[in-house]
Amino acid sequence: MYIQDVSLSSLLVAEPEQSYYSQTISYRWIEVLVDCPGSSDLFTYKLPEQLEIKPGDILTVPFGTQQVGAIAIRFLSQPPADLATEKIREVEDVVSRGFFPSTYWELLNRIAAYYYTPLIQVIRIALPPGLLGRSQRRLRLTTLGKNQDVSINTAVFMSPIAQQVLELLQKTPTGDYSYHYIQQKIKSAYRGTRELIRLGLAENYLEPPRLNQPKLQKAVTLLDNNDRDLTLRQKEIVEVLKRQGGELWQNELLQTCSASTSILKALEQKGYVVIEDREILRREQSPLMAGDQAKSLTAAQTNALETIKSLNEFTQILLHGVTGSGKTEVYLQAIAPLLKQGKSALVLVPEIGLTPQLTDRFRARFGNKVQVYHSALSDGERYDTWRQMFTGEPQVVIGTRSAIFSPLPNLGLIILDEEHDSSFKQDAPIPTYHARTVAQWRAELENCPLILGSATPSLESWVSVKAENTSPSPHQPNHQYLSLPERINSRPLPPVEIIDMRRELQAGNRSIFSRSLQEALEELKERKQQGILFIHRRGHSTFVSCRSCGYVLECPNCDVSLAYHHVEAGAPELLRCHYCNYGRSHPPHCPECSSPYLKFFGSGTQRVAQELNKQFPHLKLIRFDSDTTRNKGAHRNLLTQFANGEADLLIGTQMLTKGLDLPQVTLVGVVAADGLLHLSDYRANERTFQTLTQVAGRAGRGEDPGRVIIQTYTPEHPVIEAVKTHDYQSFCNAELEQREALNYPPYGRLILLRLSSLDPIQVQNTAQIIATNFSDQEGFEILGPAPASILRVANRYRWQILLKFTADALPNLPDWGEIRALCPTSVGLTIDVDPINIM
């Protein structure tokens with residue numbers, strides 16, 4: 001029998017002339033989900049009398065020889081019949097209470113079911129790092145072992161292996177190592193460790209999981225103002241404390257008074273102050289922002305805001321606003337009344353690089369009520385931010401896709417900004433969730449509105465509010481369409497100039513910059529304006545080839561060419577793989593024919609920057625790609641430098657297209673649009689239109705008009721023509737017609753099976769076996785098995801099977817447990833539901 005509460009009261013029938021009374025029955029067992037690789041079953045544990053435990057608590061439990069993290073699932077009135085009571089072990093401790101409210105628990109279960117993922121895997125990605133910890137077995141020397149001289153007669157009573165282990169332990173000051181480390185260093189070490197324990201020279205023990213702990217800092221509190229027996233220096237410190245309200249952090253007090261800790265200790269001994277550890281929350285450091293007031297709205301913004309504020313239940317809103325139409329201001333004014341009502345809001349953005357700019361705008365409006373949550377924070381910052389959400393205080397959480405799991409107890413609104421972006425989809429590790437899908441479920445469970453904002457909505461979101469083949473319907477049940485068709489202050493959308501690079505070549509221009517782009521770059525400095533150059537690849541050159549024999553330098557671990565990265569003048573030339581990060585120096589001769597004529601082909605951000613420095617030495621540049629933004633805070637620093645006018649040009653990759661608001665930018669140049677178009681992916685056209693439209697939208701957002709120059713070898717392509725006229729509707733109609741004919745999303749659904757292994761034959765055979773298993777089932781189309789577009793990555797060979805079926809009816813899909821059982825241990829299988837990337 002399953003019980004969801006700690007105890008139940010049972011009314012008992014009274015004896016004659018006796019009163020009724022209630023008896024509390026306490027339950028003694030609980031089922032938990034343990035955080036252990038390969039384990040997805042529930043395990044039964046005994047409830048210790050001294051611990052109060054509820055379903056949803058995070059626990060520490062003994063599991064084999066380890067202490068592991070676990071989630072309390074449900075109570076049992078009696079243990080399973082096949083389990084002896086005396087063999088049931090006790091829960092060790094409660095790590096954190098009440099982590100999973102009922103709606104949150106239901107959300108995690110729904111994700112596990114939809115994405116065919118074990119529940120514990122979903123829990124791992126939902127929790128901040130370190131909450132589910134793992135213990136390890138360790139060996140340490142006893143006092144006798146520390147004093148034992150290995151060189152004196154130990155061979156008489158100790159084996160050589162035991163001597164090696166003893167010597168290893170004695171070399172470390174603590175005399176303590178993990179079993180795992182000892183076994184790595186000494187072959188058959190387990191024999192020696194047993195021997196040392198038997199001889200009393202060492203002992204083993206279990207180190208508990210290293211969980212994130214609250215950060216403590218010493219605080220000084222003033223107790224007594226009577227300063228008769230104080231020295232002059234001590235009186236100064238007391239005066240500073242009085243002026244600060246009687247309390248101050250110790251490090252701040254010492255710095256302010258230029259004092260030492262000995263003076264504070266003397267004050268404490270005299271009873272004037274108390275020094276104690278207090279928790280200080282770790283938060284992302286950001287500059288102080290000047291206060292900001294709500295801005296006046298356009299008629300379209302006002303209509304959108306009033307509609308959003310009128311909603312008090314789950315409704316999915318597609319806020320379709322052209323670039324620069326003021327979607328962020330609508331978000332801000334929609335959130336303001338919710339905070340006054342004691343509710344919180346969750347804002348998701350696709351890239352960490354976008355969070356500093358958005359966070360600054362929100363903090364200028366809402367102050368310290370704004371929290372940031374994403375993977376670039378330290379584990380401690382994520383842990384403290386997570387705990388801060390639990391306080392129930394009204395707040396705004398801004399983050400990337402993982403922030404959808406933020407445990408806000410009183411959620412009033414969820415916003416996905418740039419909802420079309422593929423970064424909202426997780427490819428690995430499992431679950432392969434899409435933040436938009438999870439946000440829809442969460443908004444339903446919390447019964448709050450969900451806003452999907454974009455200038456180029458995904459076709460899935462467009463179709464979800466689309467009426468019969470025409471324009472979106474504003475009144476479908478639980479769906480609303482709101483449009484912001486114009487930029488604020490009636491600023492025009494920038495004109496888009498398409499440059500045919502074939503004609504440039506015919507005219508004798510061999511530069512990577514067209515004549516129009518060169519003229520526009522020259523004018524930037526004269527007009528004291530700024531520009532953006534978009535290149536879809538980082539690095540210097542996309543591949544290096546021998547001009548004598550045609551040999552291309554490839555990664556030894558992956559089936560891709562090595563890209564050339566220019567480090568700095570005079571430094572060794574570096575070739576790097578963008579898939580496994582393998583690197584090597586650039587060879588002086590061709591490895592195949594020994595020819596010295598090696599040539600760099602293709603253009604990345606580094607090469608474009610080099611060419612700009614040659615042709616336009618007077619222009620100052622900032623590169624903005626994953627190579628230059630690896631360090632913490634780099635996104636903010638580079639964008640701040642650019643906003644302060646320290647550079648004329650910002651050169652970057654996809655990160656530039658995602659919602660950056662830079663009013664001083666008047667020129668946007670796309671160096672090579674063709675690299676986006678010709679990919680073997682059914683979404684290539686949609687991605688290209690979104691990327692080019694978004695990057696074009698960075699121009700002309702301020703007082704000066706903008707200009708966009710797109711260089712391409714296929715100017716007649718329908719996507720390029722649609723971008724030129726900013727015509728989202730015509731692009732949608734053409735693209736949806738193709739998708740419907742081929743039964744691709746949003747009219748059909750896909751499940752992609754990704755198989756990988758170090759053994760090329762085994763992974764191919766396994767893919768064939770699984771595909772054969774599918775062949776006798778009806779209701780879906782099987783594409784494959786086939787090798788992935790890039791067969792080998794990091795020495796793992798990859799095969800794929802694509803299942804395609806209609807969106808309106810889920811077919812009788814296979815038992816995924818049985819499919820996984822067909823995979824040998826050396827073959828990995830990932831089930832990607834609704835895949836975005838099928839390369």
# chains A, B, ... in the order shown; residues from 1 in each chain; ligands from 1
>>> residues_around(residues="region 726-737 of chain A", least_positions_apart="5", cutoff="8 Å", atoms="only C-alpha atoms", output="list of chain:residue names")
A:Thr456, A:Leu459, A:Asn685, A:Glu686, A:Thr693, A:Pro718, A:Val719
>>> residues_around(residues="Arg820 (chain A)", least_positions_apart="3", cutoff="10 Å", atoms="only C-alpha atoms", output="number ranges by chain")
A: 770, 815-817, 823-825, 827-831
>>> closest_atom_pairs(of="region 636-711 of chain A", to="region 603-614 of chain A", cutoff="9 Å", atoms="only C-alpha atoms", output="Markdown table")
| residue | atom | partner | partner_atom | distance |
| --- | --- | --- | --- | --- |
| A:Ile651 | CA | A:Thr605 | CA | 6.7 |
| A:Gly652 | CA | A:Thr605 | CA | 6.3 |
| A:Thr653 | CA | A:Thr605 | CA | 7.4 |
| A:Val671 | CA | A:Val608 | CA | 8.6 |
| A:Ala672 | CA | A:Ser603 | CA | 8.8 |
>>> closest_residue(among="A:Gln293, A:Ser548, A:Asn489, A:Gln148", to="Arg365 (chain A)", atoms="only C-alpha atoms")
A:Gln293
>>> closest_residue(among="A:Tyr551, A:Ala72, A:Leu450, A:Arg707", to="Thr60 (chain A)", atoms="only C-alpha atoms")
A:Ala72
>>> select_by_dssp(residues="region 352-518 of chain A", states="strand (DSSP E or B)", output="number ranges by chain")
A: 370-373, 396-399, 411-417, 425, 434, 450-454, 466, 472, 476, 479-484, 496-500
>>> residues_around(residues="Arg97 (chain A)", least_positions_apart="5", cutoff="10 Å", atoms="only C-alpha atoms", output="MDAnalysis selection string")
chainID A and resid 52:59 72
>>> write_last_selection(atoms="all heavy atoms", output="PDB file, in the first residue's frame")
ATOM      1  N   GLU A  52      12.366  13.557  10.090  1.00  0.00           N
ATOM      2  CA  GLU A  52      11.051  13.807   9.474  1.00  0.00           C
ATOM      3  C   GLU A  52      11.263  13.912   7.969  1.00  0.00           C
ATOM      4  O   GLU A  52      11.960  14.792   7.480  1.00  0.00           O
ATOM      5  CB  GLU A  52      10.445  15.099  10.015  1.00  0.00           C
ATOM      6  CG  GLU A  52       9.050  15.359   9.456  1.00  0.00           C
ATOM      7  CD  GLU A  52       8.460  16.676   9.952  1.00  0.00           C
ATOM      8  OE1 GLU A  52       8.958  17.212  10.954  1.00  0.00           O
ATOM      9  OE2 GLU A  52       7.512  17.147   9.314  1.00  0.00           O
ATOM     10  N   ILE A  53      10.666  12.993   7.211  1.00  0.00           N
ATOM     11  CA  ILE A  53      10.888  12.898   5.766  1.00  0.00           C
ATOM     12  C   ILE A  53       9.547  12.964   5.046  1.00  0.00           C
ATOM     13  O   ILE A  53       8.563  12.374   5.499  1.00  0.00           O
ATOM     14  CB  ILE A  53      11.621  11.585   5.409  1.00  0.00           C
ATOM     15  CG1 ILE A  53      12.992  11.555   6.074  1.00  0.00           C
ATOM     16  CG2 ILE A  53      11.765  11.420   3.900  1.00  0.00           C
ATOM     17  CD1 ILE A  53      13.721  10.236   5.931  1.00  0.00           C
ATOM     18  N   LYS A  54       9.533  13.679   3.921  1.00  0.00           N
ATOM     19  CA  LYS A  54       8.333  13.756   3.089  1.00  0.00           C
ATOM     20  C   LYS A  54       8.701  13.462   1.645  1.00  0.00           C
ATOM     21  O   LYS A  54       9.852  13.689   1.241  1.00  0.00           O
ATOM     22  CB  LYS A  54       7.702  15.147   3.184  1.00  0.00           C
ATOM     23  CG  LYS A  54       7.137  15.476   4.558  1.00  0.00           C
ATOM     24  CD  LYS A  54       6.505  16.856   4.557  1.00  0.00           C
ATOM     25  CE  LYS A  54       5.925  17.179   5.938  1.00  0.00           C
ATOM     26  NZ  LYS A  54       5.338  18.537   5.975  1.00  0.00           N
ATOM     27  N   PRO A  55       7.752  12.953   0.851  1.00  0.00           N
ATOM     28  CA  PRO A  55       8.031  12.748  -0.581  1.00  0.00           C
ATOM     29  C   PRO A  55       8.500  14.051  -1.227  1.00  0.00           C
ATOM     30  O   PRO A  55       7.963  15.117  -0.963  1.00  0.00           O
ATOM     31  CB  PRO A  55       6.684  12.297  -1.143  1.00  0.00           C
ATOM     32  CG  PRO A  55       5.990  11.666   0.022  1.00  0.00           C
ATOM     33  CD  PRO A  55       6.405  12.464   1.221  1.00  0.00           C
ATOM     34  N   GLY A  56       9.541  13.931  -2.059  1.00  0.00           N
ATOM     35  CA  GLY A  56      10.129  15.094  -2.705  1.00  0.00           C
ATOM     36  C   GLY A  56      11.383  15.589  -2.020  1.00  0.00           C
ATOM     37  O   GLY A  56      12.112  16.404  -2.584  1.00  0.00           O
ATOM     38  N   ASP A  57      11.659  15.091  -0.788  1.00  0.00           N
ATOM     39  CA  ASP A  57      12.898  15.480  -0.116  1.00  0.00           C
ATOM     40  C   ASP A  57      14.095  14.817  -0.799  1.00  0.00           C
ATOM     41  O   ASP A  57      13.985  13.714  -1.346  1.00  0.00           O
ATOM     42  CB  ASP A  57      12.879  15.042   1.351  1.00  0.00           C
ATOM     43  CG  ASP A  57      11.929  15.878   2.197  1.00  0.00           C
ATOM     44  OD1 ASP A  57      11.440  16.901   1.688  1.00  0.00           O
ATOM     45  OD2 ASP A  57      11.670  15.488   3.356  1.00  0.00           O
ATOM     46  N   ILE A  58      15.244  15.489  -0.733  1.00  0.00           N
ATOM     47  CA  ILE A  58      16.499  14.896  -1.200  1.00  0.00           C
ATOM     48  C   ILE A  58      17.206  14.282   0.001  1.00  0.00           C
ATOM     49  O   ILE A  58      17.391  14.946   1.024  1.00  0.00           O
ATOM     50  CB  ILE A  58      17.392  15.952  -1.875  1.00  0.00           C
ATOM     51  CG1 ILE A  58      16.681  16.488  -3.119  1.00  0.00           C
ATOM     52  CG2 ILE A  58      18.737  15.371  -2.255  1.00  0.00           C
ATOM     53  CD1 ILE A  58      17.463  17.526  -3.873  1.00  0.00           C
ATOM     54  N   LEU A  59      17.591  13.025  -0.131  1.00  0.00           N
ATOM     55  CA  LEU A  59      18.150  12.259   0.981  1.00  0.00           C
ATOM     56  C   LEU A  59      19.564  11.789   0.677  1.00  0.00           C
ATOM     57  O   LEU A  59      20.001  11.798  -0.475  1.00  0.00           O
ATOM     58  CB  LEU A  59      17.281  11.024   1.268  1.00  0.00           C
ATOM     59  CG  LEU A  59      15.764  11.207   1.308  1.00  0.00           C
ATOM     60  CD1 LEU A  59      15.080   9.863   1.426  1.00  0.00           C
ATOM     61  CD2 LEU A  59      15.377  12.118   2.456  1.00  0.00           C
ATOM     62  N   ALA A  72      13.133  11.029  -2.182  1.00  0.00           N
ATOM     63  CA  ALA A  72      12.029  10.330  -1.522  1.00  0.00           C
ATOM     64  C   ALA A  72      10.812  10.347  -2.451  1.00  0.00           C
ATOM     65  O   ALA A  72      10.374  11.413  -2.883  1.00  0.00           O
ATOM     66  CB  ALA A  72      11.698  11.006  -0.205  1.00  0.00           C
TER      67      ALA A  72
END
>>> select_by_dssp(residues="region 684-828 of chain A", states="alpha helix (DSSP H)", output="NGL selection string")
:A and (684-696 or 718-724 or 728-742 or 760-774 or 816-821)
>>> atom_distance(atom1="CA of Leu482 (chain A)", atom2="CA of Glu313 (chain A)")
17.1 Å
>>> closest_atom_pairs(of="region 665-741 of chain A", to="region 407-421 of chain A", cutoff="12 Å", atoms="only C-alpha atoms", output="tab-separated table")
residue	atom	partner	partner_atom	distance
A:Arg683	CA	A:His420	CA	11.8
A:Glu686	CA	A:His420	CA	9.7
A:Arg687	CA	A:Asp421	CA	8.6
A:Thr688	CA	A:Asp421	CA	11.6
A:Phe689	CA	A:His420	CA	11.3
A:Gln690	CA	A:His420	CA	8.0
A:Thr691	CA	A:Asp421	CA	9.2
A:Gln694	CA	A:Glu418	CA	9.6
>>> write_last_selection(atoms="N, CA, C and O atoms", output="PDB file, in the first residue's frame")
ATOM      1  N   ARG A 683      15.565  21.652 -42.113  1.00  0.00           N
ATOM      2  CA  ARG A 683      15.348  22.951 -41.484  1.00  0.00           C
ATOM      3  C   ARG A 683      16.308  24.033 -42.001  1.00  0.00           C
ATOM      4  O   ARG A 683      16.290  25.158 -41.506  1.00  0.00           O
ATOM      5  N   GLU A 686      14.679  27.350 -43.086  1.00  0.00           N
ATOM      6  CA  GLU A 686      14.094  28.084 -41.958  1.00  0.00           C
ATOM      7  C   GLU A 686      15.193  28.731 -41.114  1.00  0.00           C
ATOM      8  O   GLU A 686      15.097  29.903 -40.753  1.00  0.00           O
ATOM      9  N   ARG A 687      16.248  27.982 -40.830  1.00  0.00           N
ATOM     10  CA  ARG A 687      17.353  28.528 -40.030  1.00  0.00           C
ATOM     11  C   ARG A 687      18.017  29.711 -40.745  1.00  0.00           C
ATOM     12  O   ARG A 687      18.373  30.714 -40.113  1.00  0.00           O
ATOM     13  N   THR A 688      18.211  29.580 -42.057  1.00  0.00           N
ATOM     14  CA  THR A 688      18.869  30.653 -42.813  1.00  0.00           C
ATOM     15  C   THR A 688      18.028  31.919 -42.787  1.00  0.00           C
ATOM     16  O   THR A 688      18.547  33.016 -42.561  1.00  0.00           O
ATOM     17  N   PHE A 689      16.721  31.780 -43.038  1.00  0.00           N
ATOM     18  CA  PHE A 689      15.842  32.958 -43.017  1.00  0.00           C
ATOM     19  C   PHE A 689      15.866  33.615 -41.639  1.00  0.00           C
ATOM     20  O   PHE A 689      15.979  34.850 -41.530  1.00  0.00           O
ATOM     21  N   GLN A 690      15.760  32.808 -40.586  1.00  0.00           N
ATOM     22  CA  GLN A 690      15.753  33.365 -39.226  1.00  0.00           C
ATOM     23  C   GLN A 690      17.070  34.076 -38.915  1.00  0.00           C
ATOM     24  O   GLN A 690      17.079  35.199 -38.406  1.00  0.00           O
ATOM     25  N   THR A 691      18.184  33.417 -39.245  1.00  0.00           N
ATOM     26  CA  THR A 691      19.498  33.987 -38.922  1.00  0.00           C
ATOM     27  C   THR A 691      19.730  35.293 -39.664  1.00  0.00           C
ATOM     28  O   THR A 691      20.145  36.304 -39.067  1.00  0.00           O
ATOM     29  N   GLN A 694      17.349  38.053 -38.448  1.00  0.00           N
ATOM     30  CA  GLN A 694      17.726  38.516 -37.109  1.00  0.00           C
ATOM     31  C   GLN A 694      18.974  39.392 -37.146  1.00  0.00           C
ATOM     32  O   GLN A 694      19.021  40.447 -36.509  1.00  0.00           O
TER      33      GLN A 694
END
>>> residues_around(residues="region 199-206 of chain A", least_positions_apart="2", cutoff="12 Å", atoms="only C-alpha atoms", output="VMD selection string")
chain A and resid 62 to 68 134 to 150 154 157 to 159 162 to 163 165 to 167 169 to 170 175 to 179 190 192 to 197 208 to 210
>>> write_last_selection(atoms="C-alpha atoms", output="mmCIF file, in the first residue's frame")
data_model
loop_
_atom_site.group_PDB
_atom_site.id
_atom_site.type_symbol
_atom_site.label_atom_id
_atom_site.label_comp_id
_atom_site.auth_asym_id
_atom_site.auth_seq_id
_atom_site.Cartn_x
_atom_site.Cartn_y
_atom_site.Cartn_z
ATOM 1 C CA PRO A 62 23.572 3.820 1.960
ATOM 2 C CA PHE A 63 23.756 1.970 -1.356
ATOM 3 C CA GLY A 64 26.175 -0.946 -1.523
ATOM 4 C CA THR A 65 29.450 0.382 -0.108
ATOM 5 C CA GLN A 66 28.598 3.992 -0.966
ATOM 6 C CA GLN A 67 26.541 6.854 0.372
ATOM 7 C CA VAL A 68 24.515 8.241 -2.548
ATOM 8 C CA ARG A 134 28.323 10.490 -4.405
ATOM 9 C CA SER A 135 30.494 9.085 -1.629
ATOM 10 C CA GLN A 136 33.775 7.225 -2.089
ATOM 11 C CA ARG A 137 35.644 4.553 -0.147
ATOM 12 C CA ARG A 138 39.052 5.730 1.139
ATOM 13 C CA LEU A 139 42.067 4.225 2.914
ATOM 14 C CA ARG A 140 44.062 6.056 5.595
ATOM 15 C CA LEU A 141 47.010 5.147 7.780
ATOM 16 C CA THR A 142 46.544 4.502 11.475
ATOM 17 C CA THR A 143 49.040 5.942 13.981
ATOM 18 C CA LEU A 144 50.875 2.620 13.824
ATOM 19 C CA GLY A 145 50.982 2.798 10.015
ATOM 20 C CA LYS A 146 52.328 6.361 10.009
ATOM 21 C CA ASN A 147 55.198 5.318 12.284
ATOM 22 C CA GLN A 148 55.993 2.069 10.443
ATOM 23 C CA ASP A 149 59.391 2.219 8.677
ATOM 24 C CA VAL A 150 58.995 0.455 5.316
ATOM 25 C CA THR A 154 58.753 -5.246 6.569
ATOM 26 C CA PHE A 157 55.675 -9.983 7.584
ATOM 27 C CA MET A 158 54.347 -7.909 4.649
ATOM 28 C CA SER A 159 53.870 -8.725 0.951
ATOM 29 C CA ALA A 162 51.232 -4.140 0.788
ATOM 30 C CA GLN A 163 54.642 -2.450 1.045
ATOM 31 C CA VAL A 165 50.508 0.697 -0.785
ATOM 32 C CA LEU A 166 52.048 1.620 2.578
ATOM 33 C CA GLU A 167 54.832 3.570 0.862
ATOM 34 C CA LEU A 169 50.203 6.433 1.663
ATOM 35 C CA GLN A 170 53.249 7.564 3.645
ATOM 36 C CA GLY A 175 48.291 9.408 4.768
ATOM 37 C CA ASP A 176 44.946 9.177 2.997
ATOM 38 C CA TYR A 177 43.944 8.200 -0.585
ATOM 39 C CA SER A 178 40.791 6.981 -2.314
ATOM 40 C CA TYR A 179 40.607 3.296 -3.270
ATOM 41 C CA TYR A 190 43.169 -4.591 -3.216
ATOM 42 C CA GLY A 192 47.727 -4.970 -0.226
ATOM 43 C CA THR A 193 44.935 -2.814 1.240
ATOM 44 C CA ARG A 194 43.305 -5.862 2.874
ATOM 45 C CA GLU A 195 46.662 -6.865 4.335
ATOM 46 C CA LEU A 196 47.359 -3.407 5.794
ATOM 47 C CA ILE A 197 43.900 -3.329 7.407
ATOM 48 C CA PRO A 208 30.286 11.320 2.397
ATOM 49 C CA PRO A 209 29.174 13.095 -0.786
ATOM 50 C CA ARG A 210 30.759 16.512 -1.286
#
>>> atom_distance(atom1="CA of Gln388 (chain A)", atom2="CA of Ile430 (chain A)")
26.9 Å
>>> closest_residue(among="A:Asp360, A:Glu444, A:Glu703, A:Asp834", to="Ile751 (chain A)", atoms="only C-alpha atoms")
A:Asp834
>>> residues_around(residues="region 254-256 of chain A", least_positions_apart="6", cutoff="9 Å", atoms="only C-alpha atoms", output="PyMOL selection string")
chain A and resi 237+240+264
>>> write_last_selection(atoms="N, CA and C atoms", output="CSV table (one decimal), in the first residue's frame")
chain,number,residue,atom,x,y,z
A,237,ILE,N,36.8,51.7,16.1
A,237,ILE,CA,36.1,50.6,15.5
A,237,ILE,C,34.6,50.6,16.0
A,240,VAL,N,32.7,53.2,14.1
A,240,VAL,CA,32.4,52.8,12.7
A,240,VAL,C,31.1,51.9,12.8
A,264,LEU,N,39.8,43.1,16.9
A,264,LEU,CA,38.4,42.7,17.0
A,264,LEU,C,38.3,41.6,18.0
>>> atom_distance(atom1="CA of Gln426 (chain A)", atom2="CA of Asn812 (chain A)")
25.2 Å
>>> closest_residue(among="A:Tyr373, A:Phe424, A:Tyr104, A:Trp249", to="Val220 (chain A)", atoms="only C-alpha atoms")
A:Trp249
>>> residues_around(residues="Asp776 (chain A)", least_positions_apart="5", cutoff="12 Å", atoms="only C-alpha atoms", output="list of chain:residue names")
A:Ile770, A:Ala771, A:Glu781, A:Ile782, A:Asn812, A:Leu813, A:Pro814
>>> decode(residues="region 324-341 of chain A", atoms="C-alpha atoms", output="JSON list (two decimals), in the first residue's frame")
[["chain", "number", "residue", "atom", "x", "y", "z"],
["A", 324, "GLY", "CA", 13.33, 46.64, -32.81],
["A", 325, "SER", "CA", 9.55, 46.69, -32.18],
["A", 326, "GLY", "CA", 9.92, 46.82, -28.37],
["A", 327, "LYS", "CA", 9.08, 43.28, -27.25],
["A", 328, "THR", "CA", 11.35, 43.61, -24.19],
["A", 329, "GLU", "CA", 9.46, 46.69, -22.97],
["A", 330, "VAL", "CA", 6.20, 44.71, -23.23],
["A", 331, "TYR", "CA", 7.80, 41.95, -21.12],
["A", 332, "LEU", "CA", 8.93, 44.46, -18.48],
["A", 333, "GLN", "CA", 5.54, 46.14, -18.15],
["A", 334, "ALA", "CA", 3.74, 42.77, -18.08],
["A", 335, "ILE", "CA", 5.95, 41.56, -15.20],
["A", 336, "ALA", "CA", 5.74, 44.73, -13.03],
["A", 337, "PRO", "CA", 2.15, 44.19, -11.75],
["A", 338, "LEU", "CA", 2.85, 40.50, -11.09],
["A", 339, "LEU", "CA", 5.69, 41.36, -8.68],
["A", 340, "LYS", "CA", 3.33, 43.70, -6.81],
["A", 341, "GLN", "CA", 0.88, 40.78, -6.52]]
